[in-house]
Amino acid sequence: MKNNKTALVFKILILVIVILLGIIVYAFVIRPQITSYAVKVYNQGYENAILQVVQEIVTCKPVPLRVGDETINIIAVECLNLPKG
């Protein structure tokens with residue numbers, strides 16, 4: 001009877017240790033990798049969006065951009081025929 005209780009306590013202790021190790025591995029290994037990947041993808045998307053806008057702007061056509069509830073048109077300064085002086 002005593003051996004059964006000892007074995008049960010030992011199994012529960014092993015289970016608790018495995019669960020704690022899983023939490024530690026997730027917190028210090030898996031989660032930082034997921035966060036790093038998400039930041040990398042976000043930055044890549046941001047850069048791609050900026051590059052697409054710039055590629056449209058240099059064609060000297062106005063590029064509409066939504067800012068909140070408003071739309072603004074962007075055009076390269078080089079495309080404007082400003083008087084010199």
# chains A, B, ... in the order shown; residues from 1 in each chain; ligands from 1
>>> select_by_dssp(residues="region 12-71 of chain A", states="strand (DSSP E or B)", output="mmCIF file with C-alpha atoms, in the first residue's frame")
data_model
loop_
_atom_site.group_PDB
_atom_site.id
_atom_site.type_symbol
_atom_site.label_atom_id
_atom_site.label_comp_id
_atom_site.auth_asym_id
_atom_site.auth_seq_id
_atom_site.Cartn_x
_atom_site.Cartn_y
_atom_site.Cartn_z
ATOM 1 C CA VAL A 63 -0.790 58.199 -55.979
ATOM 2 C CA PRO A 64 -3.854 58.181 -53.705
ATOM 3 C CA LEU A 65 -3.184 57.134 -50.114
ATOM 4 C CA ARG A 66 -5.772 56.647 -47.400
ATOM 5 C CA VAL A 67 -4.963 58.319 -44.087
ATOM 6 C CA GLU A 70 -9.176 61.021 -45.787
ATOM 7 C CA THR A 71 -7.476 60.330 -49.094
#
>>> atom_distance(atom1="CA of Asn48 (chain A)", atom2="CA of Ile74 (chain A)")
17.3 Å
>>> residues_around(residues="Thr59 (chain A)", least_positions_apart="6", cutoff="12 Å", atoms="only C-alpha atoms", output="PyMOL selection string")
chain A and resi 52-53+74-80
>>> write_last_selection(atoms="C-alpha atoms", output="short mmCIF file (atom, residue, chain, number, x, y, z; two decimals), in the first residue's frame")
data_model
loop_
_atom_site.label_atom_id
_atom_site.label_comp_id
_atom_site.auth_asym_id
_atom_site.auth_seq_id
_atom_site.Cartn_x
_atom_site.Cartn_y
_atom_site.Cartn_z
CA GLN A 52 5.34 50.04 -54.19
CA VAL A 53 4.29 53.60 -53.37
CA ILE A 74 1.17 62.09 -53.42
CA ILE A 75 3.37 63.09 -56.35
CA ALA A 76 7.15 63.43 -56.62
CA VAL A 77 8.44 66.99 -56.36
CA GLU A 78 10.60 66.39 -59.42
CA CYS A 79 7.40 65.93 -61.44
CA LEU A 80 6.10 69.41 -60.64
#
>>> select_by_dssp(residues="chain A", states="alpha helix (DSSP H)", output="ChimeraX atom specification")
/A:2-25,31-57
